[in-house]
$ cat work.json   # JSON, C-alpha atoms
[["chain", "number", "residue", "atom", "x", "y", "z"],
["A", 19, "MET", "CA", -9.22, 1.63, -14.88],
["A", 20, "ASN", "CA", -7.40, 1.75, -18.21],
["A", 21, "PHE", "CA", -4.09, 3.62, -17.88],
["A", 22, "ILE", "CA", -1.36, 4.71, -20.24],
["A", 23, "ALA", "CA", 2.07, 4.25, -18.68],
["A", 24, "ALA", "CA", 4.31, 7.24, -19.32],
["A", 25, "THR", "CA", 7.57, 5.41, -20.01],
["A", 26, "ASN", "CA", 9.68, 4.19, -22.90],
["A", 27, "ASN", "CA", 11.76, 1.98, -20.60],
["A", 28, "PRO", "CA", 10.85, -1.68, -21.32],
["A", 29, "GLY", "CA", 11.95, -2.91, -17.90],
["A", 30, "LYS", "CA", 9.92, -0.30, -16.06],
["A", 31, "MET", "CA", 6.96, -0.90, -18.38],
["A", 32, "ALA", "CA", 7.00, -4.60, -17.57],
["A", 33, "GLU", "CA", 6.91, -3.90, -13.84],
["A", 34, "LEU", "CA", 4.17, -1.27, -14.12],
["A", 35, "ARG", "CA", 2.04, -3.59, -16.23],
["A", 36, "ARG", "CA", 2.56, -6.53, -13.91],
["A", 37, "ILE", "CA", 1.66, -4.57, -10.77],
["A", 38, "LEU", "CA", -1.28, -2.69, -12.31],
["A", 39, "GLU", "CA", -2.82, -5.81, -13.85],
["A", 40, "ARG", "CA", -2.53, -7.61, -10.52],
["A", 41, "MET", "CA", -4.54, -4.71, -9.04],
["A", 42, "GLY", "CA", -7.24, -5.21, -11.66],
["A", 43, "HIS", "CA", -6.32, -2.37, -14.01],
["A", 44, "THR", "CA", -5.33, -2.49, -17.66],
["A", 45, "VAL", "CA", -2.39, -0.52, -19.01],
["A", 46, "GLN", "CA", -1.00, 0.42, -22.41],
["A", 47, "SER", "CA", 2.55, 1.43, -23.13],
["A", 48, "GLN", "CA", 3.24, 4.69, -24.92],
["A", 49, "ARG", "CA", 4.12, 2.69, -28.02],
["A", 50, "GLU", "CA", 0.83, 0.80, -27.91],
["A", 51, "ALA", "CA", -0.99, 4.13, -27.56],
["A", 52, "GLY", "CA", 0.92, 5.59, -30.53],
["A", 53, "LEU", "CA", 2.80, 8.18, -28.47],
["A", 54, "ALA", "CA", 6.50, 8.73, -29.10],
["A", 55, "LEU", "CA", 6.89, 11.58, -26.63],
["A", 56, "GLU", "CA", 9.93, 11.78, -24.35],
["A", 57, "PRO", "CA", 9.17, 14.62, -21.90],
["A", 58, "GLU", "CA", 12.25, 16.42, -20.61],
["A", 59, "GLU", "CA", 12.77, 15.58, -16.95],
["A", 60, "THR", "CA", 13.69, 18.97, -15.54],
["A", 61, "GLY", "CA", 12.46, 18.40, -11.98],
["A", 62, "GLU", "CA", 14.71, 18.41, -8.94],
["A", 63, "THR", "CA", 12.81, 15.60, -7.20],
["A", 64, "PHE", "CA", 11.38, 12.22, -8.21],
["A", 65, "ALA", "CA", 7.87, 13.57, -7.62],
["A", 66, "GLU", "CA", 8.41, 16.55, -9.92],
["A", 67, "ASN", "CA", 9.75, 14.39, -12.72],
["A", 68, "ALA", "CA", 6.95, 11.83, -12.38],
["A", 69, "ARG", "CA", 4.40, 14.61, -12.61],
["A", 70, "ILE", "CA", 6.08, 16.13, -15.67],
["A", 71, "LYS", "CA", 5.90, 12.80, -17.49],
["A", 72, "ALA", "CA", 2.37, 11.89, -16.39],
["A", 73, "ARG", "CA", 0.94, 15.30, -17.25],
["A", 74, "ALA", "CA", 2.59, 15.44, -20.70],
["A", 75, "ILE", "CA", 1.33, 12.01, -21.75],
["A", 76, "CYS", "CA", -2.11, 12.58, -20.24],
["A", 77, "GLU", "CA", -2.53, 15.85, -22.14],
["A", 78, "ALA", "CA", -1.37, 14.23, -25.38],
["A", 79, "ALA", "CA", -3.62, 11.16, -25.06],
["A", 80, "GLY", "CA", -6.59, 12.59, -23.18],
["A", 81, "ARG", "CA", -6.61, 9.49, -20.98],
["A", 82, "PRO", "CA", -5.66, 8.61, -17.39],
["A", 83, "THR", "CA", -1.92, 8.26, -17.17],
["A", 84, "VAL", "CA", 0.45, 6.79, -14.61],
["A", 85, "ALA", "CA", 4.15, 7.68, -14.47],
["A", 86, "ASP", "CA", 6.99, 6.62, -12.26],
["A", 87, "ASP", "CA", 10.24, 8.41, -11.58],
["A", 88, "SER", "CA", 12.65, 6.51, -9.45],
["A", 89, "GLY", "CA", 16.27, 6.15, -8.56],
["A", 90, "LEU", "CA", 18.96, 4.92, -6.24],
["A", 91, "CYS", "CA", 20.10, 7.05, -3.30],
["A", 92, "VAL", "CA", 23.40, 5.92, -1.76],
["A", 93, "ASP", "CA", 24.32, 7.11, 1.73],
["A", 94, "ALA", "CA", 28.09, 7.16, 1.16],
["A", 95, "LEU", "CA", 27.58, 9.31, -1.95],
["A", 96, "GLY", "CA", 25.44, 11.92, -0.24],
["A", 97, "GLY", "CA", 22.26, 10.54, -1.84],
["A", 98, "ALA", "CA", 23.69, 10.27, -5.36],
["A", 99, "PRO", "CA", 22.93, 9.29, -8.05],
["A", 100, "GLY", "CA", 19.35, 10.18, -6.99],
["A", 101, "VAL", "CA", 17.29, 11.86, -9.70],
["A", 102, "HIS", "CA", 20.25, 11.42, -12.06],
["A", 103, "SER", "CA", 20.25, 7.63, -11.68],
["A", 104, "ALA", "CA", 19.36, 6.87, -15.32],
["A", 105, "ARG", "CA", 22.16, 9.13, -16.61],
["A", 106, "TYR", "CA", 24.73, 8.73, -13.83],
["A", 107, "CYS", "CA", 27.46, 7.81, -16.32],
["A", 108, "GLY", "CA", 26.65, 10.81, -18.53],
["A", 109, "ARG", "CA", 24.48, 8.88, -20.99],
["A", 110, "HIS", "CA", 20.80, 8.16, -20.44],
["A", 111, "GLY", "CA", 19.82, 4.55, -19.93],
["A", 112, "ASP", "CA", 23.28, 2.90, -20.14],
["A", 113, "ASP", "CA", 22.77, 0.41, -17.31],
["A", 114, "GLU", "CA", 26.17, -1.25, -17.59],
["A", 115, "ALA", "CA", 28.08, 2.03, -17.52],
["A", 116, "ASN", "CA", 25.96, 3.31, -14.63],
["A", 117, "ASN", "CA", 26.72, 0.19, -12.61],
["A", 118, "ASP", "CA", 30.42, 0.40, -13.48],
["A", 119, "LYS", "CA", 30.58, 4.00, -12.26],
["A", 120, "LEU", "CA", 28.77, 3.10, -9.04],
["A", 121, "LEU", "CA", 31.15, 0.22, -8.31],
["A", 122, "ILE", "CA", 34.14, 2.50, -8.85],
["A", 123, "ALA", "CA", 32.66, 5.19, -6.60],
["A", 124, "MET", "CA", 32.02, 2.60, -3.87],
["A", 125, "ALA", "CA", 35.28, 0.68, -4.26],
["A", 126, "ASP", "CA", 36.75, 1.76, -0.91],
["A", 127, "VAL", "CA", 33.48, 1.88, 1.06],
["A", 128, "PRO", "CA", 33.26, -0.88, 3.70],
["A", 129, "GLU", "CA", 30.27, -3.16, 4.15],
["A", 130, "ALA", "CA", 28.92, -1.26, 7.14],
["A", 131, "ALA", "CA", 28.79, 2.02, 5.21],
["A", 132, "ARG", "CA", 27.17, 0.78, 2.00],
["A", 133, "GLY", "CA", 23.58, 1.65, 2.95],
["A", 134, "ALA", "CA", 21.26, 2.78, 0.16],
["A", 135, "ARG", "CA", 17.61, 3.03, -0.75],
["A", 136, "PHE", "CA", 15.57, 2.87, -3.92],
["A", 137, "VAL", "CA", 12.91, 5.59, -4.12],
["A", 138, "SER", "CA", 9.90, 5.69, -6.43],
["A", 139, "SER", "CA", 7.39, 8.47, -6.95],
["A", 140, "VAL", "CA", 4.29, 7.43, -8.88],
["A", 141, "CYS", "CA", 2.00, 10.09, -10.32],
["A", 142, "VAL", "CA", -1.52, 9.58, -11.63],
["A", 143, "CYS", "CA", -2.93, 12.30, -13.89],
["A", 144, "LEU", "CA", -6.51, 12.55, -15.15],
["A", 145, "PRO", "CA", -7.78, 14.35, -18.26],
["A", 146, "ASP", "CA", -9.57, 16.89, -16.02],
["A", 147, "GLY", "CA", -6.15, 18.14, -14.87],
["A", 148, "ARG", "CA", -6.03, 16.52, -11.45],
["A", 149, "CYS", "CA", -2.85, 14.71, -10.41],
["A", 150, "ALA", "CA", -1.86, 12.77, -7.31],
["A", 151, "SER", "CA", 1.57, 11.55, -6.22],
["A", 152, "PHE", "CA", 2.54, 8.52, -4.15],
["A", 153, "GLU", "CA", 5.97, 7.47, -2.87],
["A", 154, "GLY", "CA", 7.60, 4.17, -2.01],
["A", 155, "VAL", "CA", 11.01, 3.45, -0.51],
["A", 156, "CYS", "CA", 12.97, 0.21, -0.29],
["A", 157, "PRO", "CA", 16.00, 0.24, 2.05],
["A", 158, "GLY", "CA", 19.03, -1.92, 1.45],
["A", 159, "ARG", "CA", 22.71, -1.73, 0.58],
["A", 160, "ILE", "CA", 25.08, -1.77, -2.38],
["A", 161, "GLY", "CA", 26.81, -5.03, -3.18],
["A", 162, "PHE", "CA", 30.46, -5.43, -4.15],
["A", 163, "VAL", "CA", 29.69, -7.28, -7.40],
["A", 164, "ARG", "CA", 26.77, -7.69, -9.77],
["A", 165, "LYS", "CA", 24.48, -10.62, -8.95],
["A", 166, "GLY", "CA", 21.50, -11.97, -10.86],
["A", 167, "GLU", "CA", 20.02, -11.76, -14.33],
["A", 168, "ASN", "CA", 16.52, -10.44, -13.57],
["A", 169, "GLY", "CA", 15.46, -6.81, -13.48],
["A", 170, "PHE", "CA", 17.22, -3.81, -14.96],
["A", 171, "GLY", "CA", 19.14, -0.69, -13.99],
["A", 172, "TYR", "CA", 20.96, -1.04, -10.67],
["A", 173, "ASP", "CA", 19.08, -4.21, -9.70],
["A", 174, "PRO", "CA", 22.20, -6.46, -9.84],
["A", 175, "LEU", "CA", 23.97, -4.26, -7.25],
["A", 176, "PHE", "CA", 21.10, -3.46, -4.87],
["A", 177, "ILE", "CA", 20.57, -5.83, -1.94],
["A", 178, "PRO", "CA", 17.24, -5.10, -0.20],
["A", 179, "ASP", "CA", 16.90, -5.56, 3.55],
["A", 180, "ARG", "CA", 13.80, -7.74, 3.11],
["A", 181, "VAL", "CA", 12.25, -9.91, 0.40],
["A", 182, "GLY", "CA", 8.69, -10.94, -0.30],
["A", 183, "VAL", "CA", 7.36, -14.45, 0.24],
["A", 184, "PRO", "CA", 5.51, -15.89, -2.78],
["A", 185, "GLY", "CA", 1.89, -16.65, -1.94],
["A", 186, "ARG", "CA", 1.98, -14.77, 1.34],
["A", 187, "GLU", "CA", 1.37, -11.19, 2.41],
["A", 188, "ASP", "CA", 4.40, -10.84, 4.67],
["A", 189, "THR", "CA", 8.12, -10.33, 4.03],
["A", 190, "VAL", "CA", 11.25, -11.80, 5.57],
["A", 191, "GLN", "CA", 14.79, -10.64, 6.21],
["A", 192, "ASN", "CA", 17.06, -11.05, 3.20],
["A", 193, "THR", "CA", 19.47, -13.29, 5.09],
["A", 194, "GLN", "CA", 20.94, -14.69, 1.87],
["A", 195, "GLY", "CA", 21.92, -11.23, 0.65],
["A", 196, "ARG", "CA", 20.16, -11.64, -2.68],
["A", 197, "SER", "CA", 20.08, -8.68, -5.04],
["A", 198, "TYR", "CA", 16.97, -7.26, -6.70],
["A", 199, "ALA", "CA", 18.12, -9.08, -9.84],
["A", 200, "GLU", "CA", 18.07, -12.44, -8.06],
["A", 201, "LEU", "CA", 14.47, -12.14, -6.87],
["A", 202, "SER", "CA", 11.38, -13.49, -8.56],
["A", 203, "ALA", "CA", 8.77, -10.96, -9.67],
["A", 204, "GLY", "CA", 6.61, -11.70, -6.62],
["A", 205, "GLU", "CA", 9.52, -11.47, -4.19],
["A", 206, "LYS", "CA", 10.54, -8.12, -5.62],
["A", 207, "ASP", "CA", 7.11, -6.51, -6.06],
["A", 208, "ALA", "CA", 6.24, -7.14, -2.40],
["A", 209, "ILE", "CA", 9.13, -5.00, -1.15],
["A", 210, "SER", "CA", 10.24, -2.86, -4.08],
["A", 211, "HIS", "CA", 10.08, 0.92, -4.09],
["A", 212, "ARG", "CA", 7.79, 0.85, -7.12],
["A", 213, "GLY", "CA", 5.56, -1.85, -5.65],
["A", 214, "ARG", "CA", 5.18, 0.11, -2.42],
["A", 215, "ALA", "CA", 4.39, 3.38, -4.22],
["A", 216, "MET", "CA", 1.74, 1.67, -6.31],
["A", 217, "ALA", "CA", 0.25, -0.10, -3.30],
["A", 218, "GLN", "CA", -0.19, 3.33, -1.73],
["A", 219, "MET", "CA", -1.74, 4.54, -4.99],
["A", 220, "GLU", "CA", -4.21, 1.66, -4.97],
["A", 221, "GLN", "CA", -5.26, 2.39, -1.38],
["A", 222, "MET", "CA", -6.05, 6.03, -2.20],
["A", 223, "LEU", "CA", -7.14, 5.78, -5.84],
["A", 224, "GLU", "CA", -10.87, 5.35, -5.25],
["A", 225, "ALA", "CA", -11.05, 8.45, -3.03],
["A", 226, "PHE", "CA", -8.95, 10.43, -5.51],
["A", 227, "LEU", "CA", -11.19, 9.49, -8.44],
["A", 228, "ALA", "CA", -14.24, 10.43, -6.41],
["A", 229, "GLY", "CA", -12.71, 13.82, -5.62],
["A", 230, "GLU", "CA", -12.40, 13.11, -1.90],
["A", 231, "GLY", "CA", -9.33, 14.90, -0.62],
["A", 232, "ALA", "CA", -8.16, 15.36, -4.19],
["A", 233, "ALA", "CA", -6.74, 18.82, -3.60],
["A", 234, "GLY", "CA", -4.49, 17.61, -0.82],
["A", 235, "MET", "CA", -3.25, 14.66, -2.81],
["A", 236, "ALA", "CA", -2.75, 16.74, -5.92],
["A", 237, "SER", "CA", -0.58, 19.30, -4.19],
["A", 238, "GLY", "CA", 1.21, 16.97, -1.82],
["A", 239, "GLU", "CA", 3.80, 14.31, -2.39],
["A", 240, "ALA", "CA", 2.82, 11.18, -0.50]]

$ encode --input "work.json" --output "structure tokens"
Amino acid sequence: MNFIAATNNPGKMAELRRILERMGHTVQSQREAGLALEPEETGETFAENARIKARAICEAAGRPTVADDSGLCVDALGGAPGVHSARYCGRHGDDEANNDKLLIAMADVPEAARGARFVSSVCVCLPDGRCASFEGVCPGRIGFVRKGENGFGYDPLFIPDRVGVPGREDTVQNTQGRSYAELSAGEKDAISHRGRAMAQMEQMLEAFLAGEGAAGMASGEA
């Protein structure tokens, strides 16, 4: 299938393209499709925001659209920054300031209490108005310092519990304590919140396109 990805975030676009192409799909960015829209994310959940973005771009382009809304939920902060992850510092998309604020907020939190999870909700919308949502979660913890040069957002501070194994289907414990930003693309995609949400999407996409169980998927949040 040929998708438009409803994002203007280059890091997220790179991951969406990489995962979708590995699944056999093709994907265009909003820029490549000539769409400069930036839908206002007014939802209270990741699923609501993903659907807002997917539906807006799908309606504008008249083509199948995939959107992701994701964020970091930290146990010691009561689940914050959550849906406000991209603008945690008060400005949208300032990764360095967001990470600085998180480190300050976690300064006195001991290792045992630094649990966190990345959550992704992926929404697919079709020109006929049908939408389906899929969710992926990656558990881990917040590091004390930034580590790694790969990725974007909070990747240098997030240490996943497990990592993928290149060339294999399984995962292993992250005994070295590597951050998202220290993982290769394959190691990250196998365990990442976005990779897991899109794997769920791929498993259910054929049935959704055929209209099998579409109503349940469209109204639910997998």

$ atom_distance --input "work.json" --atom1 "atom CA of Asp188 of chain A" --atom2 "atom CA of Arg35 of chain A"
22.2 Å

$ residues_around --input "work.json" --residues "segment 98-114 of chain A" --least-positions-apart "4" --cutoff "10 Å" --atoms "all atoms listed in the file" --output "list in words"
Asn27, Glu59, Thr60, Gly61, Glu62, Thr63, Phe64, Ala65, Asn67, Asp87, Ser88, Gly89, Leu90, Cys91, Val92, Asp93, Ala94, Asp118, Lys119, Leu120, Ala134, Arg135, Phe136, Val137, Phe170, Gly171, Tyr172 and Asp173 of chain A

$ closest_atom_pairs --input "work.json" --of "segment 90-204 of chain A" --to "segment 77-84 of chain A" --cutoff "6 Å" --atoms "all atoms listed in the file" --output "CSV"
residue,atom,partner,partner_atom,distance
A:Cys141,CA,A:Val84,CA,5.6
A:Val142,CA,A:Val84,CA,4.5
A:Cys143,CA,A:Thr83,CA,5.3
A:Leu144,CA,A:Pro82,CA,4.6
A:Pro145,CA,A:Gly80,CA,5.4

$ residues_around --input "work.json" --residues "Cys156 of chain A" --least-positions-apart "3" --cutoff "10 Å" --atoms "only C-alpha atoms" --output "VMD selection string"
chain A and resid 90 134 to 138 159 177 to 180 209 to 215

$ atom_distance --input "work.json" --atom1 "atom CA of Gly182 of chain A" --atom2 "atom CA of Ala208 of chain A"
5.0 Å

$ closest_residue --input "work.json" --among "A:Met41, A:Thr193, A:Leu95, A:Gly204" --to "Gln221 of chain A" --atoms "only C-alpha atoms"
A:Met41

$ atom_distance --input "work.json" --atom1 "atom CA of Arg69 of chain A" --atom2 "atom CA of Glu56 of chain A"
13.3 Å

$ closest_residue --input "work.json" --among "A:Ile160, A:Glu200, A:Ile75, A:Gln46" --to "Glu58 of chain A" --atoms "only C-alpha atoms"
A:Ile75

$ build_atoms --input "work.json" --residues "segment 181-192 of chain A" --atoms "all heavy atoms" --output "PDB file, in the coordinates of the input"
ATOM      1  N   VAL A 181      12.782  -9.374   1.651  1.00  0.00           N
ATOM      2  CA  VAL A 181      12.250  -9.910   0.400  1.00  0.00           C
ATOM      3  C   VAL A 181      10.831 -10.408   0.647  1.00  0.00           C
ATOM      4  O   VAL A 181      10.463 -10.755   1.772  1.00  0.00           O
ATOM      5  CB  VAL A 181      13.119 -11.046  -0.175  1.00  0.00           C
ATOM      6  CG1 VAL A 181      14.501 -10.544  -0.520  1.00  0.00           C
ATOM      7  CG2 VAL A 181      13.196 -12.211   0.810  1.00  0.00           C
ATOM      8  N   GLY A 182      10.037 -10.424  -0.410  1.00  0.00           N
ATOM      9  CA  GLY A 182       8.690 -10.940  -0.300  1.00  0.00           C
ATOM     10  C   GLY A 182       8.674 -12.453  -0.251  1.00  0.00           C
ATOM     11  O   GLY A 182       9.664 -13.114  -0.586  1.00  0.00           O
ATOM     12  N   VAL A 183       7.545 -12.995   0.178  1.00  0.00           N
ATOM     13  CA  VAL A 183       7.360 -14.450   0.240  1.00  0.00           C
ATOM     14  C   VAL A 183       6.247 -14.820  -0.720  1.00  0.00           C
ATOM     15  O   VAL A 183       5.097 -14.413  -0.513  1.00  0.00           O
ATOM     16  CB  VAL A 183       6.996 -14.909   1.664  1.00  0.00           C
ATOM     17  CG1 VAL A 183       6.840 -16.430   1.709  1.00  0.00           C
ATOM     18  CG2 VAL A 183       8.042 -14.443   2.662  1.00  0.00           C
ATOM     19  N   PRO A 184       6.541 -15.532  -1.803  1.00  0.00           N
ATOM     20  CA  PRO A 184       5.510 -15.890  -2.780  1.00  0.00           C
ATOM     21  C   PRO A 184       4.312 -16.565  -2.126  1.00  0.00           C
ATOM     22  O   PRO A 184       4.455 -17.473  -1.307  1.00  0.00           O
ATOM     23  CB  PRO A 184       6.246 -16.851  -3.730  1.00  0.00           C
ATOM     24  CG  PRO A 184       7.676 -16.438  -3.629  1.00  0.00           C
ATOM     25  CD  PRO A 184       7.864 -16.043  -2.186  1.00  0.00           C
ATOM     26  N   GLY A 185       3.110 -16.070  -2.461  1.00  0.00           N
ATOM     27  CA  GLY A 185       1.890 -16.650  -1.940  1.00  0.00           C
ATOM     28  C   GLY A 185       1.494 -16.194  -0.564  1.00  0.00           C
ATOM     29  O   GLY A 185       0.474 -16.620  -0.021  1.00  0.00           O
ATOM     30  N   ARG A 186       2.286 -15.292   0.020  1.00  0.00           N
ATOM     31  CA  ARG A 186       1.980 -14.770   1.340  1.00  0.00           C
ATOM     32  C   ARG A 186       2.038 -13.257   1.332  1.00  0.00           C
ATOM     33  O   ARG A 186       2.621 -12.657   0.445  1.00  0.00           O
ATOM     34  CB  ARG A 186       2.971 -15.325   2.380  1.00  0.00           C
ATOM     35  CG  ARG A 186       2.770 -16.802   2.692  1.00  0.00           C
ATOM     36  CD  ARG A 186       3.951 -17.416   3.411  1.00  0.00           C
ATOM     37  NE  ARG A 186       4.396 -16.637   4.558  1.00  0.00           N
ATOM     38  CZ  ARG A 186       5.489 -16.951   5.268  1.00  0.00           C
ATOM     39  NH1 ARG A 186       6.210 -18.012   4.953  1.00  0.00           N
ATOM     40  NH2 ARG A 186       5.848 -16.206   6.295  1.00  0.00           N
ATOM     41  N   GLU A 187       1.423 -12.640   2.338  1.00  0.00           N
ATOM     42  CA  GLU A 187       1.370 -11.190   2.410  1.00  0.00           C
ATOM     43  C   GLU A 187       2.586 -10.592   3.093  1.00  0.00           C
ATOM     44  O   GLU A 187       2.877  -9.416   2.930  1.00  0.00           O
ATOM     45  CB  GLU A 187       0.110 -10.756   3.187  1.00  0.00           C
ATOM     46  CG  GLU A 187      -1.197 -11.132   2.506  1.00  0.00           C
ATOM     47  CD  GLU A 187      -1.423 -10.383   1.218  1.00  0.00           C
ATOM     48  OE1 GLU A 187      -0.967  -9.224   1.117  1.00  0.00           O
ATOM     49  OE2 GLU A 187      -2.042 -10.950   0.296  1.00  0.00           O
ATOM     50  N   ASP A 188       3.319 -11.391   3.873  1.00  0.00           N
ATOM     51  CA  ASP A 188       4.400 -10.840   4.670  1.00  0.00           C
ATOM     52  C   ASP A 188       5.739 -10.875   3.929  1.00  0.00           C
ATOM     53  O   ASP A 188       5.834 -11.360   2.793  1.00  0.00           O
ATOM     54  CB  ASP A 188       4.519 -11.586   6.001  1.00  0.00           C
ATOM     55  CG  ASP A 188       4.723 -13.094   5.818  1.00  0.00           C
ATOM     56  OD1 ASP A 188       4.503 -13.591   4.697  1.00  0.00           O
ATOM     57  OD2 ASP A 188       5.095 -13.757   6.795  1.00  0.00           O
ATOM     58  N   THR A 189       6.764 -10.339   4.573  1.00  0.00           N
ATOM     59  CA  THR A 189       8.120 -10.330   4.030  1.00  0.00           C
ATOM     60  C   THR A 189       9.056 -10.908   5.083  1.00  0.00           C
ATOM     61  O   THR A 189       8.705 -11.023   6.257  1.00  0.00           O
ATOM     62  CB  THR A 189       8.566  -8.902   3.671  1.00  0.00           C
ATOM     63  OG1 THR A 189       8.638  -8.102   4.864  1.00  0.00           O
ATOM     64  CG2 THR A 189       7.593  -8.261   2.687  1.00  0.00           C
ATOM     65  N   VAL A 190      10.262 -11.246   4.642  1.00  0.00           N
ATOM     66  CA  VAL A 190      11.250 -11.800   5.570  1.00  0.00           C
ATOM     67  C   VAL A 190      12.589 -11.111   5.341  1.00  0.00           C
ATOM     68  O   VAL A 190      12.823 -10.506   4.293  1.00  0.00           O
ATOM     69  CB  VAL A 190      11.418 -13.328   5.367  1.00  0.00           C
ATOM     70  CG1 VAL A 190      10.134 -14.061   5.703  1.00  0.00           C
ATOM     71  CG2 VAL A 190      11.865 -13.641   3.937  1.00  0.00           C
ATOM     72  N   GLN A 191      13.453 -11.198   6.346  1.00  0.00           N
ATOM     73  CA  GLN A 191      14.790 -10.640   6.210  1.00  0.00           C
ATOM     74  C   GLN A 191      15.537 -11.320   5.065  1.00  0.00           C
ATOM     75  O   GLN A 191      15.429 -12.528   4.873  1.00  0.00           O
ATOM     76  CB  GLN A 191      15.579 -10.825   7.512  1.00  0.00           C
ATOM     77  CG  GLN A 191      15.140  -9.935   8.661  1.00  0.00           C
ATOM     78  CD  GLN A 191      15.527  -8.481   8.446  1.00  0.00           C
ATOM     79  OE1 GLN A 191      16.495  -8.174   7.746  1.00  0.00           O
ATOM     80  NE2 GLN A 191      14.763  -7.568   9.032  1.00  0.00           N
ATOM     81  N   ASN A 192      16.283 -10.531   4.334  1.00  0.00           N
ATOM     82  CA  ASN A 192      17.060 -11.050   3.200  1.00  0.00           C
ATOM     83  C   ASN A 192      18.377 -11.612   3.716  1.00  0.00           C
ATOM     84  O   ASN A 192      19.454 -11.053   3.491  1.00  0.00           O
ATOM     85  CB  ASN A 192      17.297  -9.915   2.198  1.00  0.00           C
ATOM     86  CG  ASN A 192      17.999 -10.386   0.938  1.00  0.00           C
ATOM     87  OD1 ASN A 192      18.117 -11.582   0.671  1.00  0.00           O
ATOM     88  ND2 ASN A 192      18.471  -9.426   0.148  1.00  0.00           N
TER      89      ASN A 192
END
